[in-house]
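Student: Hey, dropping work-v9.txt in here, compact mmCIF, C-alpha atoms:
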# COMPACT_ATOMS: atom_id res chain seq x y z
CA MET J 1 26.25 -5.59 -164.63
CA GLY J 2 29.29 -6.82 -162.80
CA LYS J 3 32.86 -6.98 -164.00
CA GLY J 4 32.71 -10.64 -164.96
CA LEU J 5 33.48 -12.40 -168.20
CA PRO J 6 30.55 -10.90 -170.17
CA HIS J 7 31.80 -7.44 -169.19
CA LEU J 8 35.27 -8.18 -170.62
CA PHE J 9 33.81 -9.96 -173.64
CA ALA J 10 31.74 -6.87 -174.45
CA LEU J 11 34.81 -4.90 -175.52
CA PRO J 12 35.84 -7.06 -178.51
CA VAL J 13 32.21 -7.60 -179.49
CA ARG J 14 31.40 -3.90 -179.66
CA LEU J 15 34.69 -3.05 -181.38
CA ILE J 16 34.13 -5.70 -184.05
CA LEU J 17 30.45 -4.82 -184.46
CA GLY J 18 31.10 -1.09 -184.55
CA GLY J 19 34.03 -1.46 -186.93
CA LEU J 20 32.02 -3.70 -189.23
CA PHE J 21 29.17 -1.22 -189.50
CA LEU J 22 31.54 1.71 -190.01
CA PHE J 23 33.14 -0.25 -192.84
CA ALA J 24 29.73 -1.16 -194.30
CA ALA J 25 28.70 2.49 -194.25
CA TYR J 26 31.98 3.60 -195.86
CA VAL J 27 31.53 1.11 -198.70
CA LYS J 28 27.89 2.08 -199.26
CA LEU J 29 28.58 5.81 -199.30
CA GLY J 30 31.56 5.23 -201.58
CA ASP J 31 29.16 4.13 -204.32
CA PRO J 32 25.64 5.18 -203.39
CA GLN J 33 24.27 4.51 -206.86
CA GLN J 34 25.09 0.80 -206.61
CA PHE J 35 23.63 0.67 -203.10
CA ALA J 36 20.49 2.41 -204.38
CA PHE J 37 20.12 -0.41 -206.90
CA SER J 38 20.40 -2.94 -204.08
CA VAL J 39 17.82 -1.17 -201.90
CA HIS J 40 15.43 -0.79 -204.83
CA ALA J 41 15.89 -4.45 -205.83
CA PHE J 42 14.36 -5.57 -202.52
CA LYS J 43 11.06 -4.07 -203.75
CA ILE J 44 9.96 -3.27 -200.22
CA LEU J 45 10.08 0.52 -200.22
CA PRO J 46 8.54 2.90 -202.75
CA GLU J 47 10.95 4.66 -205.08
CA HIS J 48 11.41 7.89 -203.12
CA LEU J 49 11.93 6.02 -199.86
CA SER J 50 14.47 3.72 -201.54
CA ILE J 51 16.46 6.79 -202.50
CA LEU J 52 16.22 8.18 -198.96
CA ALA J 53 17.15 4.81 -197.44
CA THR J 54 20.22 4.69 -199.68
CA PHE J 55 21.69 7.49 -197.56
CA VAL J 56 19.89 7.14 -194.24
CA ILE J 57 20.96 3.51 -193.70
CA PRO J 58 24.72 4.15 -194.00
CA TRP J 59 24.53 7.35 -191.94
CA VAL J 60 22.67 5.55 -189.17
CA GLU J 61 25.33 2.85 -189.39
CA ILE J 62 28.06 5.49 -189.02
CA VAL J 63 26.43 7.02 -185.96
CA LEU J 64 25.77 3.68 -184.28
CA GLY J 65 29.12 2.18 -185.31
CA ALA J 66 30.99 5.16 -183.91
CA CYS J 67 29.04 4.98 -180.63
CA LEU J 68 29.91 1.31 -180.26
CA VAL J 69 33.60 1.77 -181.04
CA LEU J 70 33.89 4.70 -178.62
CA GLY J 71 31.65 3.15 -175.99
CA CYS J 72 29.48 6.24 -175.98
CA TRP J 73 25.72 5.86 -175.32
CA THR J 74 26.51 2.23 -175.96
CA ARG J 75 23.28 0.59 -174.81
CA ALA J 76 21.13 2.98 -176.80
CA ALA J 77 23.31 2.52 -179.90
CA ALA J 78 23.27 -1.27 -179.53
CA THR J 79 19.49 -1.26 -179.09
CA LEU J 80 19.03 0.80 -182.26
CA LEU J 81 21.52 -1.39 -184.10
CA SER J 82 19.53 -4.46 -183.03
CA LEU J 83 16.41 -2.90 -184.53
CA LEU J 84 18.30 -2.01 -187.71
CA ILE J 85 19.71 -5.53 -188.10
CA ALA J 86 16.27 -7.00 -187.38
CA GLY J 87 14.94 -4.83 -190.21
CA PHE J 88 17.68 -6.11 -192.53
CA LEU J 89 16.86 -9.65 -191.47
CA GLY J 90 13.18 -9.12 -192.25
CA GLY J 91 14.06 -7.75 -195.69
CA ILE J 92 16.35 -10.68 -196.43
CA ILE J 93 13.75 -13.24 -195.35
CA SER J 94 11.09 -11.52 -197.47
CA VAL J 95 13.41 -11.69 -200.50
CA ILE J 96 13.96 -15.41 -199.91
CA ALA J 97 10.22 -15.98 -199.41
CA ARG J 98 9.46 -14.18 -202.68
CA LYS J 99 12.14 -16.26 -204.47
CA MET J 100 13.84 -13.13 -205.81
CA ASP J 101 17.31 -13.14 -207.32
CA VAL J 102 18.81 -10.15 -205.50
CA THR J 103 22.33 -9.39 -204.32
CA CYS J 104 22.68 -7.93 -200.86
CA GLY J 105 24.76 -4.79 -201.27
CA CYS J 106 25.30 -4.92 -197.50
CA PHE J 107 29.07 -4.51 -197.84
CA GLY J 108 29.16 -3.18 -201.39
CA LYS J 109 31.43 -5.26 -203.59
CA PHE J 110 32.87 -7.01 -200.53
CA GLU J 111 30.72 -10.05 -199.85
CA ILE J 112 31.47 -10.88 -196.22
CA PRO J 113 31.26 -13.90 -195.87
CA CYS J 114 28.30 -14.70 -198.12
CA THR J 115 28.68 -14.64 -201.90
CA GLY J 116 26.08 -14.55 -204.65
CA PRO J 117 22.38 -13.77 -204.39
CA ILE J 118 20.67 -13.45 -201.02
CA GLY J 119 20.20 -16.80 -199.29
CA PHE J 120 20.31 -18.47 -195.93
CA CYS J 121 23.97 -17.51 -195.46
CA HIS J 122 22.79 -13.91 -195.22
CA VAL J 123 20.14 -14.89 -192.67
CA ALA J 124 22.77 -16.64 -190.55
CA ARG J 125 25.18 -13.70 -190.82
CA ASN J 126 22.56 -11.19 -189.74
CA ALA J 127 21.41 -13.47 -186.93
CA VAL J 128 24.99 -13.50 -185.58
CA LEU J 129 25.21 -9.71 -185.86
CA LEU J 130 21.84 -9.36 -184.16
CA ALA J 131 22.99 -11.59 -181.30
CA GLY J 132 26.12 -9.45 -180.90
CA ALA J 133 24.16 -6.18 -180.85
CA MET J 134 21.63 -7.55 -178.34
CA PHE J 135 24.47 -8.82 -176.17
CA ILE J 136 25.94 -5.32 -175.98
CA ALA J 137 22.49 -3.82 -175.33
CA VAL J 138 22.09 -6.11 -172.33
CA VAL J 139 25.65 -6.30 -170.97
CA GLY J 140 26.76 -2.75 -171.66
CA PRO J 141 29.97 -1.40 -173.18
CA GLY J 142 32.53 -3.24 -171.05
CA PRO J 143 35.93 -1.69 -170.38
CA ALA J 144 37.56 1.20 -172.24
CA ALA J 145 34.32 3.07 -172.86
CA PHE J 146 33.34 6.72 -172.67
CA ASP J 147 30.16 5.80 -170.85
CA ARG J 148 30.68 6.59 -167.17
CA HIS J 149 27.58 4.75 -166.13
CA PRO J 150 27.23 1.85 -168.53
CA GLN J 151 23.94 0.75 -166.96
CA ALA J 152 22.33 3.97 -168.10
CA GLY J 153 24.15 3.98 -171.48
CA MET U 1 10.29 14.06 -169.56
CA PRO U 2 11.46 10.96 -171.44
CA SER U 3 14.04 8.78 -169.74
CA PRO U 4 17.67 9.41 -170.72
CA PHE U 5 17.69 6.08 -172.56
CA ILE U 6 14.69 7.00 -174.75
CA ALA U 7 16.16 10.46 -175.32
CA ARG U 8 19.42 8.90 -176.51
CA LEU U 9 17.56 6.56 -178.86
CA ALA U 10 15.76 9.56 -180.32
CA ILE U 11 18.91 11.69 -180.63
CA LEU U 12 20.93 8.92 -182.34
CA THR U 13 18.07 8.25 -184.75
CA LEU U 14 17.64 11.93 -185.55
CA ILE U 15 21.36 12.41 -186.22
CA GLY U 16 21.50 9.41 -188.59
CA VAL U 17 18.26 10.18 -190.41
CA GLY U 18 19.07 13.90 -190.61
CA ALA U 19 22.54 13.36 -192.03
CA GLY U 20 21.21 10.81 -194.52
CA THR U 21 18.41 13.11 -195.64
CA VAL U 22 20.80 16.02 -196.18
CA HIS U 23 23.21 13.76 -198.07
CA SER U 24 20.40 12.50 -200.32
CA TYR U 25 19.77 16.09 -201.43
CA ILE U 26 23.46 16.81 -201.99
CA ARG U 27 24.15 13.71 -204.06
CA PRO U 28 20.98 12.45 -205.72
CA VAL U 29 20.79 8.88 -206.97
CA VAL U 30 18.41 7.44 -209.51
CA VAL U 31 16.53 4.15 -209.44
CA ARG U 32 14.49 4.53 -212.64
CA PRO U 33 15.97 5.19 -216.09
CA LYS U 34 14.63 8.09 -218.12
CA ALA U 35 12.73 7.58 -221.36
CA PRO U 36 14.97 8.25 -224.38
CA PRO U 37 14.40 11.45 -226.35
CA PRO U 38 12.73 11.15 -229.76
CA PRO U 39 15.18 10.51 -232.61
CA VAL U 40 16.69 13.65 -234.14
CA SER U 41 17.18 13.70 -237.86
CA THR U 42 20.34 15.19 -239.31
CA MET U 43 18.61 15.53 -242.68
CA ALA U 44 17.68 18.95 -243.96
CA PRO U 45 14.10 19.77 -243.06
CA GLU U 46 13.17 20.58 -246.65
CA THR U 47 13.84 17.00 -247.76
CA PRO U 48 11.45 14.98 -245.69
CA GLY U 49 11.07 11.34 -246.50
CA VAL U 50 14.60 10.95 -247.83
CA GLN U 51 16.10 8.03 -245.99
CA ALA U 52 19.77 8.02 -245.19
CA SER U 53 21.27 4.57 -245.26
CA THR U 54 23.40 3.18 -242.51
CA SER U 55 26.58 1.44 -243.44
CA ASP U 56 27.05 -0.10 -240.03
CA THR U 57 25.78 -3.65 -240.34
CA ASN U 58 27.88 -5.40 -237.75
CA PRO U 59 25.95 -5.76 -234.55
CA GLY U 60 28.02 -4.88 -231.56
CA ALA U 61 30.66 -3.13 -233.64
CA SER U 62 31.72 0.45 -233.15
CA SER U 63 29.63 2.91 -235.10
CA ALA U 64 31.25 6.14 -234.01
CA ALA U 65 31.16 7.67 -237.49
CA ALA U 66 27.53 6.83 -238.19
CA PRO U 67 25.17 9.78 -238.16
CA ILE U 68 21.88 9.68 -236.35
CA THR U 69 19.53 8.77 -239.13
CA PRO U 70 15.80 8.60 -239.62
CA SER U 71 16.22 4.89 -240.40
CA ALA U 72 16.06 4.23 -236.68
CA PRO U 73 12.55 3.33 -235.56
CA GLN U 74 10.64 6.45 -234.60
CA GLY U 75 9.43 7.08 -231.10
CA LEU U 76 10.85 4.00 -229.41
CA GLY U 77 10.27 4.09 -225.69
CA LEU U 78 12.57 2.96 -222.95
CA GLU U 79 11.19 -0.56 -222.97
CA ILE U 80 10.95 -2.23 -226.35
CA SER U 81 9.72 -5.53 -227.70
CA VAL U 82 11.91 -8.24 -229.20
CA ALA U 83 10.68 -7.25 -232.68
CA GLN U 84 11.69 -3.61 -232.13
CA ALA U 85 15.02 -4.74 -230.72
CA PHE U 86 15.58 -6.93 -233.76
CA ASP U 87 15.00 -3.91 -236.03
CA LEU U 88 17.76 -2.09 -234.17
CA TYR U 89 19.94 -5.22 -234.32
CA GLN U 90 19.60 -5.29 -238.09
CA GLN U 91 20.68 -1.64 -238.20
CA GLY U 92 23.86 -2.59 -236.35
CA ARG U 93 22.99 -0.99 -233.04
CA PRO U 94 25.02 -2.46 -230.17
CA PHE U 95 23.42 -4.89 -227.75
CA LEU U 96 24.56 -4.94 -224.13
CA ASP U 97 24.14 -7.99 -221.93
CA SER U 98 23.74 -6.84 -218.32
CA ARG U 99 23.60 -10.32 -216.75
CA ASN U 100 26.43 -11.95 -214.86
CA LEU U 101 29.45 -13.44 -216.61
CA ALA U 102 28.32 -17.06 -216.21
CA ASP U 103 24.99 -16.36 -217.90
CA TYR U 104 26.66 -14.37 -220.69
CA THR U 105 29.18 -17.14 -221.32
CA LYS U 106 26.41 -19.72 -221.51
CA SER U 107 24.38 -17.82 -224.11
CA HIS U 108 23.98 -14.26 -225.34
CA VAL U 109 22.70 -12.28 -228.30
CA GLU U 110 25.22 -12.76 -231.06
CA GLY U 111 27.60 -9.79 -231.08
CA ALA U 112 26.42 -8.44 -227.73
CA PHE U 113 28.86 -6.80 -225.34
CA TRP U 114 28.99 -8.02 -221.75
CA LEU U 115 28.45 -5.00 -219.52
CA PRO U 116 26.98 -5.60 -216.05
CA ALA U 117 26.07 -2.62 -213.87
CA GLU U 118 28.81 -3.69 -211.44
CA ALA U 119 31.38 -2.71 -214.09
CA PHE U 120 30.64 0.89 -213.07
CA SER U 121 31.14 0.31 -209.34
CA GLY U 122 33.42 2.76 -207.60
CA GLY U 123 32.98 5.31 -210.39
CA LYS U 124 34.90 3.20 -212.92
CA VAL U 125 34.35 3.71 -216.62
CA PRO U 126 34.15 0.31 -218.35
CA ALA U 127 36.39 -0.16 -221.39
CA ALA U 128 33.36 -1.25 -223.43
CA LEU U 129 32.19 2.37 -223.50
CA ASN U 130 35.17 3.18 -225.72
CA TYR U 131 33.57 1.10 -228.46
CA LEU U 132 30.13 2.65 -228.22
CA ASP U 133 28.77 5.85 -229.70
CA PRO U 134 26.71 7.63 -227.04
CA SER U 135 24.64 9.41 -229.70
CA LEU U 136 23.21 6.15 -231.05
CA GLU U 137 20.70 3.70 -229.69
CA VAL U 138 21.91 0.88 -227.51
CA VAL U 139 19.78 -2.13 -226.62
CA ILE U 140 20.14 -3.56 -223.15
CA TYR U 141 18.80 -6.87 -221.97
CA CYS U 142 18.94 -9.24 -219.04
CA SER U 143 16.91 -12.33 -218.24
CA GLY U 144 13.51 -10.74 -218.87
CA GLY U 145 10.66 -10.72 -216.39
CA HIS U 146 11.52 -9.02 -213.13
CA CYS U 147 15.29 -8.69 -213.54
CA ASP U 148 16.53 -5.19 -212.66
CA ALA U 149 19.97 -5.48 -214.28
CA SER U 150 18.90 -3.82 -217.56
CA HIS U 151 17.31 -0.87 -215.78
CA ASN U 152 20.36 -0.41 -213.57
CA LEU U 153 22.68 -0.46 -216.57
CA ALA U 154 20.41 1.97 -218.45
CA ILE U 155 20.65 4.44 -215.55
CA LEU U 156 24.45 4.21 -215.46
CA LEU U 157 24.71 4.59 -219.24
CA GLN U 158 22.40 7.61 -219.16
CA GLN U 159 24.65 9.14 -216.51
CA ALA U 160 27.60 8.43 -218.83
CA GLY U 161 25.91 10.35 -221.66
CA PHE U 162 24.05 7.58 -223.48
CA ALA U 163 20.62 9.15 -223.84
CA ARG U 164 19.16 6.58 -226.21
CA CYS U 165 19.06 3.44 -224.14
CA HIS U 166 16.39 0.86 -224.87
CA ILE U 167 15.58 -2.14 -222.75
CA MET U 168 14.49 -5.34 -224.44
CA THR U 169 11.82 -6.20 -221.87
CA ASP U 170 11.54 -9.90 -222.63
CA GLY U 171 15.31 -10.28 -222.33
CA LEU U 172 17.30 -13.14 -223.75
CA PRO U 173 14.47 -15.69 -223.28
CA GLY U 174 12.25 -13.60 -225.57
CA TRP U 175 15.06 -13.22 -228.11
CA VAL U 176 15.64 -16.98 -228.13
CA SER U 177 11.90 -17.69 -228.40
CA ALA U 178 11.76 -15.46 -231.48
CA GLY U 179 14.47 -17.60 -233.07
CA HIS U 180 17.09 -14.86 -233.36
CA ALA U 181 20.84 -15.46 -233.38
CA VAL U 182 22.61 -16.29 -230.14
CA ALA U 183 26.19 -17.20 -229.36
CA ALA U 184 28.09 -18.71 -226.46
CA GLY U 185 31.48 -18.03 -224.97
CA ALA U 186 33.30 -15.57 -222.74
CA PRO U 187 33.62 -11.89 -223.67
CA GLU U 188 36.52 -10.91 -225.90
CA GLY U 189 39.72 -10.77 -223.87
CA MET U 190 38.30 -12.99 -221.13
CA GLU U 191 38.44 -16.35 -222.92
Can I see the file as structure tokens?
Tutor:
Amino acid sequence: MGKGLPHLFALPVRLILGGLFLFAAYVKLGDPQQFAFSVHAFKILPEHLSILATFVIPWVEIVLGACLVLGCWTRAAATLLSLLIAGFLGGIISVIARKMDVTCGCFGKFEIPCTGPIGFCHVARNAVLLAGAMFIAVVGPGPAAFDRHPQAG
Amino acid sequence: MPSPFIARLAILTLIGVGAGTVHSYIRPVVVRPKAPPPPVSTMAPETPGVQASTSDTNPGASSAAAPITPSAPQGLGLEISVAQAFDLYQQGRPFLDSRNLADYTKSHVEGAFWLPAEAFSGGKVPAALNYLDPSLEVVIYCSGGHCDASHNLAILLQQAGFARCHIMTDGLPGWVSAGHAVAAGAPEGME
């Protein structure tokens, strides 16, 4: 990828995306019991996997968020983050399809920017995040990154 | 040999999943409330059948001084019917509404406290717990059906030392259908 506009644009996108997921992980791990309720409320995973997901999701977010902020293994992190967000999106759509009254728990008590039970605002938010993660996966980390060879990142 | 890209995907996944798995063992969370223990009588064993009366007849009021008595229904499980909940209501056991504030304000069991699970977020201890005796039964309800709010609140109360939590499975709709007393209005101090 050349040093054009997408290359420069990648820096703010990965910083915002990485920072957002680090914040989301911090909030979730700050009150894992409430996040466990949110995961369980989706009624997608069996009980023991809900408990595991309560901790695995925020830790994966920490790892991927840190990689994006630092620009380290950026393409791999952005690819995994795309898969993670796609999974969230699938869960949200399944909740809407089943007409369930569930709150997201994505950012703990901070509802950014969607408030109330899961709805199409959450779909739109995750679609934007997915687009950002896929953009980084394709374009690479941009400037100010640890990756020496962003194409391989 | 996998490509460096695939290897990085695998390494990042392993780090995240590994750290999460370790953390889940260090700090366990619960997603299902425990069944309450059977009632314990404070009566002397040689006087079976003697019923102690309860003086606490105000639903929702503090009953800190009340002993655990055999007048409470025996062997109540975690999930109880409206009729069993009404028995506890008549004995003055507190009712806790775990729904959101708008729903509580619209209609709730007369005398019920408003206590959503979110009141515990960030490790906070809700003020309502100061009015409740953890040794006595509490009845929790939400909207009935598939709502999880009662179960979530039961878990948090059990973690706070309330072992005798009961969930009125049919929730407020069942209570209303049975023709029992309801009230409207914001919680005390939030009018």
Student: So which residues touch range 22-39 of chain J within 8 Å, counting only C-alpha atoms, skipping near sequence neighbours fewer than 5 positions away, as a PyMOL selection string?
Tutor: (chain J and resi 50-51+53-55+57-59+61-62+65-66+102-108) or (chain U and resi 29-31+118+121-123+152)
Student: One decimal, Å: what's the distance from CA of Leu81 in chain J over to CA of Gly16 in chain U, could you say?
Tutor: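 For CA of Leu81 in chain J relative to CA of Gly16 in chain U, the distance reads 11.7 Å.
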Student: With a cut-off of 12 Å, could you pull out the residues of chain U touching chain J and give me the nearest pair of atoms for each, distance in Å to one decimal, using all atoms listed in the file, ordered by chain and ascending number, as JSON lines?
Tutor:
{"residue": "U:Ser3", "atom": "CA", "partner": "J:Ala152", "partner_atom": "CA", "distance": 9.7}
{"residue": "U:Pro4", "atom": "CA", "partner": "J:Ala152", "partner_atom": "CA", "distance": 7.6}
{"residue": "U:Phe5", "atom": "CA", "partner": "J:Ala76", "partner_atom": "CA", "distance": 6.3}
{"residue": "U:Ile6", "atom": "CA", "partner": "J:Ala76", "partner_atom": "CA", "distance": 7.9}
{"residue": "U:Ala7", "atom": "CA", "partner": "J:Ala76", "partner_atom": "CA", "distance": 9.1}
{"residue": "U:Arg8", "atom": "CA", "partner": "J:Ala76", "partner_atom": "CA", "distance": 6.2}
{"residue": "U:Leu9", "atom": "CA", "partner": "J:Ala76", "partner_atom": "CA", "distance": 5.5}
{"residue": "U:Ala10", "atom": "CA", "partner": "J:Ala76", "partner_atom": "CA", "distance": 9.2}
{"residue": "U:Ile11", "atom": "CA", "partner": "J:Ala76", "partner_atom": "CA", "distance": 9.8}
{"residue": "U:Leu12", "atom": "CA", "partner": "J:Val63", "partner_atom": "CA", "distance": 6.9}
{"residue": "U:Thr13", "atom": "CA", "partner": "J:Val60", "partner_atom": "CA", "distance": 6.9}
{"residue": "U:Leu14", "atom": "CA", "partner": "J:Val60", "partner_atom": "CA", "distance": 8.9}
{"residue": "U:Ile15", "atom": "CA", "partner": "J:Val63", "partner_atom": "CA", "distance": 7.4}
{"residue": "U:Gly16", "atom": "CA", "partner": "J:Val60", "partner_atom": "CA", "distance": 4.1}
{"residue": "U:Val17", "atom": "CA", "partner": "J:Val56", "partner_atom": "CA", "distance": 5.2}
{"residue": "U:Gly18", "atom": "CA", "partner": "J:Val56", "partner_atom": "CA", "distance": 7.7}
{"residue": "U:Ala19", "atom": "CA", "partner": "J:Trp59", "partner_atom": "CA", "distance": 6.3}
{"residue": "U:Gly20", "atom": "CA", "partner": "J:Val56", "partner_atom": "CA", "distance": 3.9}
{"residue": "U:Thr21", "atom": "CA", "partner": "J:Val56", "partner_atom": "CA", "distance": 6.3}
{"residue": "U:Val22", "atom": "CA", "partner": "J:Phe55", "partner_atom": "CA", "distance": 8.7}
{"residue": "U:His23", "atom": "CA", "partner": "J:Phe55", "partner_atom": "CA", "distance": 6.5}
{"residue": "U:Ser24", "atom": "CA", "partner": "J:Phe55", "partner_atom": "CA", "distance": 5.9}
{"residue": "U:Tyr25", "atom": "CA", "partner": "J:Leu52", "partner_atom": "CA", "distance": 9.0}
{"residue": "U:Ile26", "atom": "CA", "partner": "J:Phe55", "partner_atom": "CA", "distance": 10.5}
{"residue": "U:Arg27", "atom": "CA", "partner": "J:Pro32", "partner_atom": "CA", "distance": 8.7}
{"residue": "U:Pro28", "atom": "CA", "partner": "J:Ile51", "partner_atom": "CA", "distance": 7.9}
{"residue": "U:Val29", "atom": "CA", "partner": "J:Gln33", "partner_atom": "CA", "distance": 5.6}
{"residue": "U:Val30", "atom": "CA", "partner": "J:Gln33", "partner_atom": "CA", "distance": 7.1}
{"residue": "U:Val31", "atom": "CA", "partner": "J:Phe37", "partner_atom": "CA", "distance": 6.3}
{"residue": "U:Arg32", "atom": "CA", "partner": "J:Glu47", "partner_atom": "CA", "distance": 8.3}
{"residue": "U:Pro33", "atom": "CA", "partner": "J:Phe37", "partner_atom": "CA", "distance": 11.5}
{"residue": "U:Arg99", "atom": "CA", "partner": "J:Asp101", "partner_atom": "CA", "distance": 11.7}
{"residue": "U:Asn100", "atom": "CA", "partner": "J:Gly116", "partner_atom": "CA", "distance": 10.5}
{"residue": "U:Pro116", "atom": "CA", "partner": "J:Gln34", "partner_atom": "CA", "distance": 11.6}
{"residue": "U:Ala117", "atom": "CA", "partner": "J:Gln34", "partner_atom": "CA", "distance": 8.1}
{"residue": "U:Glu118", "atom": "CA", "partner": "J:Gln34", "partner_atom": "CA", "distance": 7.6}
{"residue": "U:Ala119", "atom": "CA", "partner": "J:Gln34", "partner_atom": "CA", "distance": 10.4}
{"residue": "U:Phe120", "atom": "CA", "partner": "J:Gln34", "partner_atom": "CA", "distance": 8.5}
{"residue": "U:Ser121", "atom": "CA", "partner": "J:Asp31", "partner_atom": "CA", "distance": 6.6}
{"residue": "U:Gly122", "atom": "CA", "partner": "J:Asp31", "partner_atom": "CA", "distance": 5.5}
{"residue": "U:Gly123", "atom": "CA", "partner": "J:Asp31", "partner_atom": "CA", "distance": 7.3}
{"residue": "U:Lys124", "atom": "CA", "partner": "J:Asp31", "partner_atom": "CA", "distance": 10.4}
{"residue": "U:Ser143", "atom": "CA", "partner": "J:Asp101", "partner_atom": "CA", "distance": 11.0}
{"residue": "U:Gly145", "atom": "CA", "partner": "J:Met100", "partner_atom": "CA", "distance": 11.3}
{"residue": "U:His146", "atom": "CA", "partner": "J:Met100", "partner_atom": "CA", "distance": 8.7}
{"residue": "U:Cys147", "atom": "CA", "partner": "J:Asp101", "partner_atom": "CA", "distance": 7.9}
{"residue": "U:Asp148", "atom": "CA", "partner": "J:Ala41", "partner_atom": "CA", "distance": 6.9}
{"residue": "U:Ala149", "atom": "CA", "partner": "J:Phe37", "partner_atom": "CA", "distance": 9.0}
{"residue": "U:Ser150", "atom": "CA", "partner": "J:Phe37", "partner_atom": "CA", "distance": 11.3}
{"residue": "U:His151", "atom": "CA", "partner": "J:Phe37", "partner_atom": "CA", "distance": 9.3}
{"residue": "U:Asn152", "atom": "CA", "partner": "J:Phe37", "partner_atom": "CA", "distance": 6.7}
{"residue": "U:Leu153", "atom": "CA", "partner": "J:Phe37", "partner_atom": "CA", "distance": 10.0}
{"residue": "U:Ala154", "atom": "CA", "partner": "J:Phe37", "partner_atom": "CA", "distance": 11.8}
{"residue": "U:Ile155", "atom": "CA", "partner": "J:Gln33", "partner_atom": "CA", "distance": 9.4}
{"residue": "U:Leu156", "atom": "CA", "partner": "J:Gln33", "partner_atom": "CA", "distance": 8.6}
{"residue": "U:Gln159", "atom": "CA", "partner": "J:Gln33", "partner_atom": "CA", "distance": 10.7}
Student: Give me the residues within 12 Å of His180 in chain U as a ChimeraX atom specification, counting only C-alpha atoms and dropping any in the same chain fewer than 6 places off.
Tutor: /U:82-83,85-87,89-90,108-111,172-174
Student: What does the structure give for the distance between CA of His7 in chain J and CA of Leu130 in chain J, in Å to one decimal?
Tutor: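 Value for the CA of His7 in chain J-CA of Leu130 in chain J distance: 18.1 Å.
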Student: Expressed in Å to a single decimal, how great is the separation between CA of Leu136 in chain U and CA of Glu188 in chain U?
Tutor: 22.2 Å
Student: Which of these residues is nearest to Ser81 in chain U, using all atoms listed in the file: U:Ala181, U:Ala160, U:Ile167, U:Ala35?
Tutor: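 For Ser81 in chain U, the nearest of the given residues is U:Ile167.
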Student: As a short mmCIF file (atom, residue, chain, number, x, y, z; two decimals), keeping the file's coordinate frame, could you write out range 88-99 of chain J once it has been completed with N, CA and C atoms?
Tutor:
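That gives us part-v5.cif:
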data_model
loop_
_atom_site.label_atom_id
_atom_site.label_comp_id
_atom_site.auth_asym_id
_atom_site.auth_seq_id
_atom_site.Cartn_x
_atom_site.Cartn_y
_atom_site.Cartn_z
N PHE J 88 16.95 -5.47 -191.42
CA PHE J 88 17.68 -6.11 -192.53
C PHE J 88 17.27 -7.58 -192.66
N LEU J 89 17.19 -8.22 -191.50
CA LEU J 89 16.86 -9.65 -191.47
C LEU J 89 15.47 -9.88 -192.07
N GLY J 90 14.54 -9.01 -191.69
CA GLY J 90 13.18 -9.12 -192.25
C GLY J 90 13.19 -8.95 -193.76
N GLY J 91 13.96 -7.98 -194.25
CA GLY J 91 14.06 -7.75 -195.69
C GLY J 91 14.65 -8.95 -196.41
N ILE J 92 15.68 -9.51 -195.82
CA ILE J 92 16.35 -10.68 -196.43
C ILE J 92 15.39 -11.88 -196.47
N ILE J 93 14.68 -12.11 -195.38
CA ILE J 93 13.75 -13.24 -195.35
C ILE J 93 12.62 -13.03 -196.36
N SER J 94 12.17 -11.78 -196.50
CA SER J 94 11.09 -11.52 -197.47
C SER J 94 11.58 -11.76 -198.90
N VAL J 95 12.85 -11.44 -199.17
CA VAL J 95 13.41 -11.69 -200.50
C VAL J 95 13.47 -13.20 -200.77
N ILE J 96 13.89 -13.95 -199.75
CA ILE J 96 13.96 -15.41 -199.91
C ILE J 96 12.55 -15.98 -200.10
N ALA J 97 11.60 -15.47 -199.32
CA ALA J 97 10.22 -15.98 -199.41
C ALA J 97 9.62 -15.68 -200.78
N ARG J 98 10.01 -14.54 -201.37
CA ARG J 98 9.46 -14.18 -202.68
C ARG J 98 10.28 -14.78 -203.83
N LYS J 99 11.30 -15.58 -203.47
CA LYS J 99 12.14 -16.26 -204.47
C LYS J 99 12.75 -15.28 -205.47
#
